[in-house]
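Participant: This is start_39.cif, which holds mmCIF, C-alpha atoms and all ligand atoms:
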```
data_model
loop_
_atom_site.label_atom_id
_atom_site.label_comp_id
_atom_site.auth_asym_id
_atom_site.auth_seq_id
_atom_site.Cartn_x
_atom_site.Cartn_y
_atom_site.Cartn_z
CA MET A 1 -2.37 -36.11 7.48
CA ARG A 2 -1.84 -34.95 3.88
CA ILE A 3 -0.79 -31.52 2.63
CA ILE A 4 -2.35 -30.21 -0.56
CA ALA A 5 -0.72 -26.92 -1.51
CA ALA A 6 -1.80 -24.47 -4.19
CA ASN A 7 0.81 -22.45 -6.05
CA TRP A 8 -0.98 -19.59 -7.77
CA LYS A 9 2.23 -18.11 -9.21
CA MET A 10 1.54 -14.64 -10.73
CA ASN A 11 -2.19 -15.28 -11.14
CA HIS A 12 -5.34 -13.89 -9.46
CA SER A 13 -5.90 -10.28 -8.46
CA PRO A 14 -7.09 -9.24 -4.97
CA GLN A 15 -10.69 -9.25 -6.25
CA GLU A 16 -10.27 -12.67 -7.87
CA THR A 17 -8.80 -13.89 -4.58
CA LEU A 18 -11.91 -12.72 -2.74
CA ASP A 19 -14.10 -14.49 -5.31
CA PHE A 20 -12.01 -17.65 -5.08
CA PHE A 21 -12.20 -17.88 -1.28
CA SER A 22 -15.91 -17.02 -1.15
CA LYS A 23 -16.53 -20.07 -3.36
CA TRP A 24 -13.90 -22.11 -1.56
CA SER A 25 -15.42 -21.43 1.88
CA THR A 26 -18.83 -22.56 0.66
CA LEU A 27 -17.36 -25.77 -0.76
CA VAL A 28 -15.34 -26.57 2.35
CA THR A 29 -18.19 -26.04 4.79
CA GLN A 30 -20.17 -28.72 2.92
CA VAL A 31 -17.63 -31.29 4.11
CA PRO A 32 -17.40 -31.07 7.90
CA GLU A 33 -15.01 -34.03 8.23
CA PHE A 34 -12.50 -32.32 5.99
CA GLN A 35 -9.84 -32.52 8.67
CA GLN A 36 -7.56 -35.20 7.33
CA VAL A 37 -6.02 -32.82 4.86
CA THR A 38 -4.19 -29.54 5.31
CA SER A 39 -4.77 -27.28 2.35
CA LEU A 40 -2.70 -24.17 1.90
CA PHE A 41 -2.27 -21.45 -0.69
CA PHE A 42 0.83 -19.75 -2.04
CA ILE A 43 -0.70 -16.49 -3.19
CA PRO A 44 0.78 -13.37 -4.80
CA ASN A 45 1.86 -11.06 -1.96
CA TYR A 46 -0.54 -8.26 -2.96
CA CYS A 47 -3.47 -10.62 -2.28
CA TRP A 48 -2.87 -10.79 1.47
CA PRO A 49 -5.62 -8.29 2.37
CA SER A 50 -8.07 -10.53 0.52
CA VAL A 51 -6.94 -13.85 1.96
CA THR A 52 -6.90 -12.54 5.53
CA GLN A 53 -10.64 -11.93 5.25
CA PHE A 54 -10.92 -15.72 5.46
CA PRO A 55 -9.22 -16.48 8.77
CA LYS A 56 -9.42 -20.26 8.40
CA VAL A 57 -7.35 -20.25 5.22
CA LEU A 58 -3.67 -21.15 5.62
CA TRP A 59 -1.45 -19.27 3.22
CA GLY A 60 2.16 -18.72 2.38
CA ILE A 61 4.54 -16.69 0.23
CA GLN A 62 6.07 -17.75 -3.07
CA ASN A 63 9.22 -15.69 -2.64
CA PHE A 64 11.16 -13.45 -0.22
CA TYR A 65 14.64 -12.06 0.33
CA PRO A 66 16.57 -13.73 3.15
CA GLU A 67 17.38 -10.65 5.25
CA ILE A 68 15.37 -8.90 7.98
CA LYS A 69 15.46 -5.51 6.24
CA GLY A 70 17.73 -3.23 4.27
CA ALA A 71 18.65 -1.90 0.86
CA PHE A 72 17.14 -4.64 -1.28
CA THR A 73 15.07 -2.70 -3.83
CA GLY A 74 11.97 -4.52 -4.94
CA GLU A 75 12.31 -7.44 -2.54
CA CYS A 76 9.83 -8.83 -0.05
CA SER A 77 10.35 -9.29 3.71
CA ALA A 78 9.48 -12.75 5.02
CA SER A 79 9.11 -11.53 8.60
CA ILE A 80 6.62 -8.83 7.61
CA MET A 81 4.62 -11.31 5.53
CA LYS A 82 4.59 -13.53 8.64
CA GLU A 83 3.26 -10.63 10.71
CA LEU A 84 0.53 -10.23 8.09
CA GLY A 85 -0.50 -13.86 8.52
CA ALA A 86 1.64 -16.02 6.22
CA THR A 87 2.70 -19.32 7.76
CA TRP A 88 4.50 -21.10 4.90
CA ALA A 89 7.11 -20.24 2.25
CA LEU A 90 7.99 -21.88 -1.07
CA VAL A 91 11.72 -22.19 -1.63
CA GLY A 92 13.65 -23.53 -4.61
CA HIS A 93 10.73 -23.71 -7.02
CA SER A 94 12.04 -24.53 -10.49
CA GLU A 95 10.82 -21.19 -11.85
CA ARG A 96 12.93 -19.39 -9.23
CA ARG A 97 15.90 -21.64 -9.96
CA HIS A 98 15.70 -21.40 -13.76
CA LEU A 99 14.01 -18.09 -14.63
CA PHE A 100 15.55 -16.08 -11.80
CA ASN A 101 18.86 -17.94 -11.48
CA GLU A 102 18.57 -18.66 -7.77
CA SER A 103 21.70 -20.58 -6.84
CA LEU A 104 22.01 -23.58 -4.53
CA ASP A 105 23.63 -21.33 -1.90
CA PHE A 106 20.93 -18.68 -2.13
CA ILE A 107 18.23 -21.34 -1.80
CA ASN A 108 19.98 -22.64 1.31
CA LYS A 109 20.03 -19.10 2.76
CA LYS A 110 16.28 -18.86 2.13
CA ILE A 111 15.63 -22.21 3.83
CA ILE A 112 17.62 -21.19 6.92
CA PHE A 113 16.05 -17.73 7.01
CA SER A 114 12.58 -19.13 6.63
CA HIS A 115 13.09 -21.42 9.65
CA GLN A 116 14.54 -18.52 11.67
CA THR A 117 11.56 -16.35 10.78
CA GLY A 118 9.09 -19.05 11.76
CA LEU A 119 7.71 -19.68 8.28
CA LYS A 120 7.55 -23.36 7.34
CA PRO A 121 9.46 -23.81 4.10
CA ILE A 122 8.63 -26.27 1.34
CA LEU A 123 11.88 -27.03 -0.46
CA CYS A 124 11.17 -27.85 -4.12
CA VAL A 125 13.54 -30.18 -5.93
CA GLY A 126 13.46 -31.88 -9.31
CA GLU A 127 15.35 -32.70 -12.47
CA THR A 128 15.15 -31.13 -15.94
CA GLN A 129 14.30 -33.15 -19.05
CA ALA A 130 17.99 -33.26 -20.04
CA GLU A 131 19.04 -34.46 -16.58
CA LYS A 132 16.35 -37.13 -16.71
CA ALA A 133 17.56 -38.28 -20.13
CA ASP A 134 21.10 -38.50 -18.74
CA GLN A 135 19.82 -40.56 -15.79
CA LEU A 136 20.94 -37.93 -13.33
CA LEU A 137 17.79 -37.95 -11.19
CA LYS A 138 19.44 -39.25 -8.00
CA LYS A 139 22.46 -36.99 -8.39
CA VAL A 140 20.31 -33.91 -8.91
CA LEU A 141 18.08 -34.68 -5.94
CA GLN A 142 21.11 -35.40 -3.76
CA SER A 143 22.78 -32.13 -4.71
CA GLN A 144 19.62 -30.00 -4.28
CA LEU A 145 18.81 -31.59 -0.90
CA GLU A 146 22.35 -31.58 0.45
CA SER A 147 22.93 -27.93 -0.40
CA GLY A 148 19.38 -26.79 0.36
CA LEU A 149 19.28 -28.28 3.86
CA LYS A 150 22.85 -27.45 4.90
CA GLY A 151 23.09 -26.00 8.41
CA LEU A 152 19.74 -27.22 9.73
CA THR A 153 19.66 -29.21 12.98
CA ALA A 154 19.04 -32.95 12.69
CA ASP A 155 15.57 -32.81 14.23
CA THR A 156 14.22 -30.10 11.89
CA PRO A 157 10.84 -31.10 10.44
CA LEU A 158 11.18 -31.11 6.66
CA THR A 159 8.67 -30.66 3.85
CA ILE A 160 9.98 -31.36 0.37
CA ALA A 161 8.16 -31.08 -2.97
CA TYR A 162 9.38 -33.32 -5.77
CA GLU A 163 8.59 -31.49 -9.00
CA PRO A 164 10.15 -32.80 -12.21
CA VAL A 165 10.82 -29.58 -14.13
CA TRP A 166 9.53 -31.10 -17.40
CA ALA A 167 6.18 -31.89 -15.78
CA ILE A 168 5.46 -28.37 -14.51
CA GLY A 169 2.72 -26.68 -16.50
CA THR A 170 3.18 -29.05 -19.44
CA GLY A 171 0.33 -31.51 -18.92
CA LEU A 172 2.95 -34.28 -18.64
CA THR A 173 2.90 -36.15 -15.35
CA ALA A 174 5.72 -38.36 -14.14
CA LYS A 175 5.03 -42.10 -14.39
CA ASP A 176 4.13 -43.88 -11.17
CA GLU A 177 7.47 -45.70 -11.06
CA ASP A 178 9.36 -42.41 -11.55
CA ILE A 179 7.50 -40.77 -8.68
CA ILE A 180 8.11 -43.79 -6.45
CA GLU A 181 11.82 -43.80 -7.32
CA ALA A 182 12.21 -40.07 -6.72
CA HIS A 183 10.33 -40.03 -3.41
CA ASN A 184 12.27 -43.05 -2.25
CA SER A 185 15.58 -41.36 -3.17
CA ILE A 186 14.53 -38.23 -1.28
CA ASN A 187 13.76 -40.26 1.85
CA GLU A 188 17.04 -42.13 1.60
CA CYS A 189 19.05 -38.99 1.00
CA ILE A 190 17.48 -37.19 3.95
CA LYS A 191 18.23 -40.13 6.20
CA ASN A 192 21.83 -40.20 4.97
CA LEU A 193 22.14 -36.48 5.67
CA GLY A 194 21.44 -37.33 9.32
CA PHE A 195 17.91 -35.94 9.71
CA THR A 196 15.98 -37.85 12.33
CA LYS A 197 12.39 -37.16 11.27
CA PRO A 198 11.00 -38.60 8.03
CA PRO A 199 10.18 -35.74 5.65
CA ILE A 200 6.74 -34.91 4.31
CA ILE A 201 7.11 -35.30 0.53
CA LEU A 202 4.70 -33.70 -1.92
CA TYR A 203 4.54 -34.42 -5.64
CA GLY A 204 4.02 -31.55 -8.10
CA GLY A 205 3.81 -31.29 -11.86
CA SER A 206 0.55 -31.18 -13.86
CA VAL A 207 -1.59 -32.52 -11.02
CA LYS A 208 -5.28 -32.37 -12.01
CA PRO A 209 -8.53 -33.55 -10.41
CA ASP A 210 -8.42 -36.73 -12.51
CA ASN A 211 -4.89 -37.87 -11.62
CA ALA A 212 -4.59 -36.60 -8.03
CA GLN A 213 -5.94 -39.64 -6.27
CA SER A 214 -3.82 -42.21 -8.10
CA ILE A 215 -0.68 -40.15 -7.37
CA LEU A 216 -1.65 -39.80 -3.71
CA LYS A 217 -1.98 -43.56 -3.40
CA LEU A 218 1.67 -44.14 -4.33
CA PRO A 219 4.08 -45.00 -1.51
CA ASP A 220 5.81 -42.04 0.18
CA VAL A 221 3.55 -39.46 -1.47
CA ASN A 222 2.28 -37.35 1.44
CA GLY A 223 0.62 -34.63 -0.55
CA LEU A 224 0.61 -32.49 -3.68
CA LEU A 225 1.78 -29.10 -4.92
CA VAL A 226 -0.66 -27.89 -7.54
CA GLY A 227 -0.19 -25.00 -9.98
CA GLY A 228 -2.67 -24.55 -12.84
CA ALA A 229 -5.45 -26.68 -11.35
CA SER A 230 -5.38 -24.70 -8.09
CA LEU A 231 -6.67 -21.54 -9.76
CA ASN A 232 -10.20 -22.85 -9.98
CA PRO A 233 -11.85 -23.45 -6.58
CA HIS A 234 -13.91 -26.39 -7.87
CA ASP A 235 -10.90 -28.19 -9.39
CA PHE A 236 -8.76 -27.61 -6.32
CA PHE A 237 -11.59 -28.72 -4.08
CA LYS A 238 -11.85 -31.99 -6.04
CA ILE A 239 -8.12 -32.56 -5.52
CA VAL A 240 -8.36 -31.91 -1.78
CA GLN A 241 -11.41 -34.14 -1.64
CA SER A 242 -9.45 -37.00 -3.29
CA ALA A 243 -6.88 -36.74 -0.53
CA ASN A 244 -9.56 -36.68 2.12
CA ASP A 245 -11.27 -39.76 0.65
CA ILE A 246 -8.03 -41.75 0.89
CA GLU A 247 -7.60 -40.82 4.55
CA ASN A 248 -11.15 -41.73 5.55
P1 LIG B 301 1.44 -27.20 -12.47
O1 LIG B 301 2.51 -26.41 -11.56
O2 LIG B 301 0.53 -27.95 -11.54
O3 LIG B 301 0.74 -26.16 -13.26
O4 LIG B 301 2.24 -28.15 -13.31
C1 LIG B 301 3.06 -27.01 -10.42
C2 LIG B 301 4.04 -26.07 -9.75
O5 LIG B 301 4.68 -25.26 -10.44
O6 LIG B 301 4.20 -26.10 -8.53
#
```
Can the structure from this file be put into structure tokens for me?

Facilitator:
Amino acid sequence: MRIIAANWKMNHSPQETLDFFSKWSTLVTQVPEFQQVTSLFFIPNYCWPSVTQFPKVLWGIQNFYPEIKGAFTGECSASIMKELGATWALVGHSERRHLFNESLDFINKKIIFSHQTGLKPILCVGETQAEKADQLLKKVLQSQLESGLKGLTADTPLTIAYEPVWAIGTGLTAKDEDIIEAHNSINECIKNLGFTKPPIILYGGSVKPDNAQSILKLPDVNGLLVGGASLNPHDFFKIVQSANDIEN
């Protein structure tokens, strides 16, 4: 089973969300055996009334504050989003780490809170261009995983997205050997941290319909996290279809 996740970021209005899923539903119903792949959508929060008109669509939140409620002006409650139908949460995305200064500790709080709330988190990890140039890939992954997963029980099911920061939204994709090395390091690190279940590891960073399948064929790549190319239902459908073709 593969996971192909869409990260819409701050794109698509409620009306555009309705339009997207009307087209999406038509595309998906043309492929009845489309069951080898789980597709899910990280939408802007204000699009929930639109997405919930399509009950088969799995969706999640891009951000939340890790407390049940309280004086946190402007923040979003994970448990309320869950009540509204969200089932997944993105945590540690590079834009949250770098543009909004989310610290390793804060990301860990969000991971723990997400599990407590019953939302399945995807923990995003990845190195910057400078860290790559300094050959710090393994160190960075180790530090982001160790701190991000602190306090979870050994049998927690884990979903990790490897997203090299320099590949996000740039049109640059990591080379095959870099993806293999990173996914292998993630597996090793998670084993060394004492987790008993192998993680699901997604790759993200400039995934497009024309490179999705070759990335999905690499060892230890269990799925994709797609930004720009997930905004168009036809492009995202082609990516999900690539994953489905490999499984069949
Ligand atoms: P991209 O974004 O596919 O546009 O590079 C990926 C992401 O930010 O998750």

Participant: Quote the spacing between CA of Phe21 (chain A) and CA of Ala78 (chain A) in Å to one decimal place.

Facilitator: 23.2 Å

Participant: Report the closest atom pair, with its distance in Å rounded to one decimal, for each residue of region 13-57 of chain A that has an atom no farther than 10 Å from region 205-227 of chain A; count all atoms listed in the file, sort by chain and then rising residue number, and write it as a Markdown table.

Facilitator:
```
| residue | atom | partner | partner_atom | distance |
| --- | --- | --- | --- | --- |
| A:Val37 | CA | A:Gly223 | CA | 8.8 |
| A:Thr38 | CA | A:Gly223 | CA | 9.1 |
| A:Ser39 | CA | A:Gly223 | CA | 9.6 |
| A:Leu40 | CA | A:Leu225 | CA | 9.5 |
| A:Phe41 | CA | A:Val226 | CA | 9.5 |
| A:Phe42 | CA | A:Gly227 | CA | 9.6 |
```

Participant: What box, with edges along x, y and z, holds each listed atom of region 27-45 of chain A when 4 Å is added on every side, and can you state its centre and edge lengths in Å to one decimal, as lines of an AutoDock Vina configuration file?

Facilitator:
```
center_x = -9.2
center_y = -23.1
center_z = 1.9
size_x = 30.0
size_y = 32.1
size_z = 21.5
```

Participant: Kindly give the distance, in Å, that separates CA of Pro49 (chain A) and CA of Tyr65 (chain A), rounded to a single decimal.

Facilitator: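 Atom-to-atom, CA of Pro49 (chain A) and CA of Tyr65 (chain A) are spaced 20.7 Å apart.
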
Participant: Taking only residues of chain A that have an atom at most 9 Å from an atom of ligand LIG 301 (chain B), what is each one's shortest atom pair and its distance in Å to one decimal, using all atoms listed in the file, in chain and number order, as JSON lines?

Facilitator:
```
{"residue": "A:Ala5", "atom": "CA", "partner": "B:LIG301", "partner_atom": "O6", "distance": 8.6}
{"residue": "A:Ala6", "atom": "CA", "partner": "B:LIG301", "partner_atom": "O6", "distance": 7.6}
{"residue": "A:Asn7", "atom": "CA", "partner": "B:LIG301", "partner_atom": "O6", "distance": 5.6}
{"residue": "A:Trp8", "atom": "CA", "partner": "B:LIG301", "partner_atom": "O6", "distance": 8.4}
{"residue": "A:Lys9", "atom": "CA", "partner": "B:LIG301", "partner_atom": "O5", "distance": 7.7}
{"residue": "A:His93", "atom": "CA", "partner": "B:LIG301", "partner_atom": "O6", "distance": 7.1}
{"residue": "A:Ser94", "atom": "CA", "partner": "B:LIG301", "partner_atom": "O5", "distance": 7.4}
{"residue": "A:Glu95", "atom": "CA", "partner": "B:LIG301", "partner_atom": "O5", "distance": 7.5}
{"residue": "A:Cys124", "atom": "CA", "partner": "B:LIG301", "partner_atom": "O6", "distance": 8.4}
{"residue": "A:Ala161", "atom": "CA", "partner": "B:LIG301", "partner_atom": "O6", "distance": 8.4}
{"residue": "A:Glu163", "atom": "CA", "partner": "B:LIG301", "partner_atom": "O6", "distance": 7.0}
{"residue": "A:Val165", "atom": "CA", "partner": "B:LIG301", "partner_atom": "O5", "distance": 8.4}
{"residue": "A:Trp166", "atom": "CA", "partner": "B:LIG301", "partner_atom": "O4", "distance": 8.9}
{"residue": "A:Ala167", "atom": "CA", "partner": "B:LIG301", "partner_atom": "O4", "distance": 6.0}
{"residue": "A:Ile168", "atom": "CA", "partner": "B:LIG301", "partner_atom": "O4", "distance": 3.4}
{"residue": "A:Gly169", "atom": "CA", "partner": "B:LIG301", "partner_atom": "O4", "distance": 3.5}
{"residue": "A:Thr170", "atom": "CA", "partner": "B:LIG301", "partner_atom": "O4", "distance": 6.3}
{"residue": "A:Gly171", "atom": "CA", "partner": "B:LIG301", "partner_atom": "O4", "distance": 6.8}
{"residue": "A:Leu172", "atom": "CA", "partner": "B:LIG301", "partner_atom": "O4", "distance": 8.2}
{"residue": "A:Thr173", "atom": "CA", "partner": "B:LIG301", "partner_atom": "O4", "distance": 8.3}
{"residue": "A:Tyr203", "atom": "CA", "partner": "B:LIG301", "partner_atom": "O6", "distance": 8.8}
{"residue": "A:Gly204", "atom": "CA", "partner": "B:LIG301", "partner_atom": "C1", "distance": 5.2}
{"residue": "A:Gly205", "atom": "CA", "partner": "B:LIG301", "partner_atom": "O4", "distance": 3.8}
{"residue": "A:Ser206", "atom": "CA", "partner": "B:LIG301", "partner_atom": "O4", "distance": 3.5}
{"residue": "A:Val207", "atom": "CA", "partner": "B:LIG301", "partner_atom": "O2", "distance": 5.1}
{"residue": "A:Lys208", "atom": "CA", "partner": "B:LIG301", "partner_atom": "O2", "distance": 7.3}
{"residue": "A:Leu224", "atom": "CA", "partner": "B:LIG301", "partner_atom": "O6", "distance": 8.8}
{"residue": "A:Leu225", "atom": "CA", "partner": "B:LIG301", "partner_atom": "O6", "distance": 5.3}
{"residue": "A:Val226", "atom": "CA", "partner": "B:LIG301", "partner_atom": "O2", "distance": 4.2}
{"residue": "A:Gly227", "atom": "CA", "partner": "B:LIG301", "partner_atom": "O2", "distance": 3.4}
{"residue": "A:Gly228", "atom": "CA", "partner": "B:LIG301", "partner_atom": "O3", "distance": 3.8}
{"residue": "A:Ala229", "atom": "CA", "partner": "B:LIG301", "partner_atom": "O2", "distance": 6.1}
{"residue": "A:Ser230", "atom": "CA", "partner": "B:LIG301", "partner_atom": "O2", "distance": 7.6}
```

Participant: Show me, as number ranges by chain, the residues that have an atom within 8 Å of Pro198 (chain A) when counting only C-alpha atoms, minus same-chain residues fewer than 4 positions from it.

Facilitator: A: 157-158, 187, 190-191

Participant: Please, could you write that set of residues out with C-alpha atoms as an mmCIF file, keeping the file's coordinate frame?

Facilitator:
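again-v5.cif written:
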```cif
data_model
loop_
_atom_site.group_PDB
_atom_site.id
_atom_site.type_symbol
_atom_site.label_atom_id
_atom_site.label_comp_id
_atom_site.auth_asym_id
_atom_site.auth_seq_id
_atom_site.Cartn_x
_atom_site.Cartn_y
_atom_site.Cartn_z
ATOM 1 C CA PRO A 157 10.840 -31.100 10.440
ATOM 2 C CA LEU A 158 11.180 -31.110 6.660
ATOM 3 C CA ASN A 187 13.760 -40.260 1.850
ATOM 4 C CA ILE A 190 17.480 -37.190 3.950
ATOM 5 C CA LYS A 191 18.230 -40.130 6.200
#
```

Participant: Quick one: everything within 12 Å of region 52-58 of chain A, counting all atoms listed in the file, minus sequence neighbours fewer than 5 positions away in the same chain. Send it as a VMD selection string.

Facilitator: chain A and resid 3 to 6 14 to 15 17 to 26 28 to 29 37 to 43 45 to 47 81 to 89 119 to 120

Participant: Go through A:Phe106, A:Ile200, A:Tyr162, A:Pro44 one by one, measure the shortest atom-to-atom distance of each to Ala174 (chain A) using only C-alpha atoms, and give the residue with the smallest value.

Facilitator: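 Smallest separation from Ala174 (chain A) among the options: A:Tyr162.
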
Participant: State, in Å with one decimal place, the distance from CA of Ser114 (chain A) to CA of Ser147 (chain A).

Facilitator: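 So the two atoms, CA of Ser114 (chain A) and CA of Ser147 (chain A), lie 15.3 Å apart.
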
Participant: Find the residues around Ile68 (chain A) up to 12 Å (all atoms listed in the file counted), leave out those fewer than 2 positions away in its own chain, and share them as a PyMOL selection string.

Facilitator: chain A and resi 64-66+70-72+75-82+110+113-114+116-117

Participant: Can you work out which one of A:Val125, A:Leu231, A:Ala182, A:Ile112 has the shortest atom-to-atom distance to Ser13 (chain A), counting all atoms listed in the file?

Facilitator: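 Ranked by minimum distance to Ser13 (chain A), first place goes to A:Leu231.
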
Participant: Calculated over all atoms listed in the file, which of the candidates A:Phe100, A:Leu202, A:Asn248, A:Leu141 has the smallest distance to Ile186 (chain A)?

Facilitator: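 Under the stated criterion, the closest residue is A:Leu141.
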
Participant: Between A:Ser242, A:Asp178, A:Gln129, A:Gln36, which has the minimum distance to Arg2 (chain A) (counting only C-alpha atoms)?

Facilitator: A:Gln36
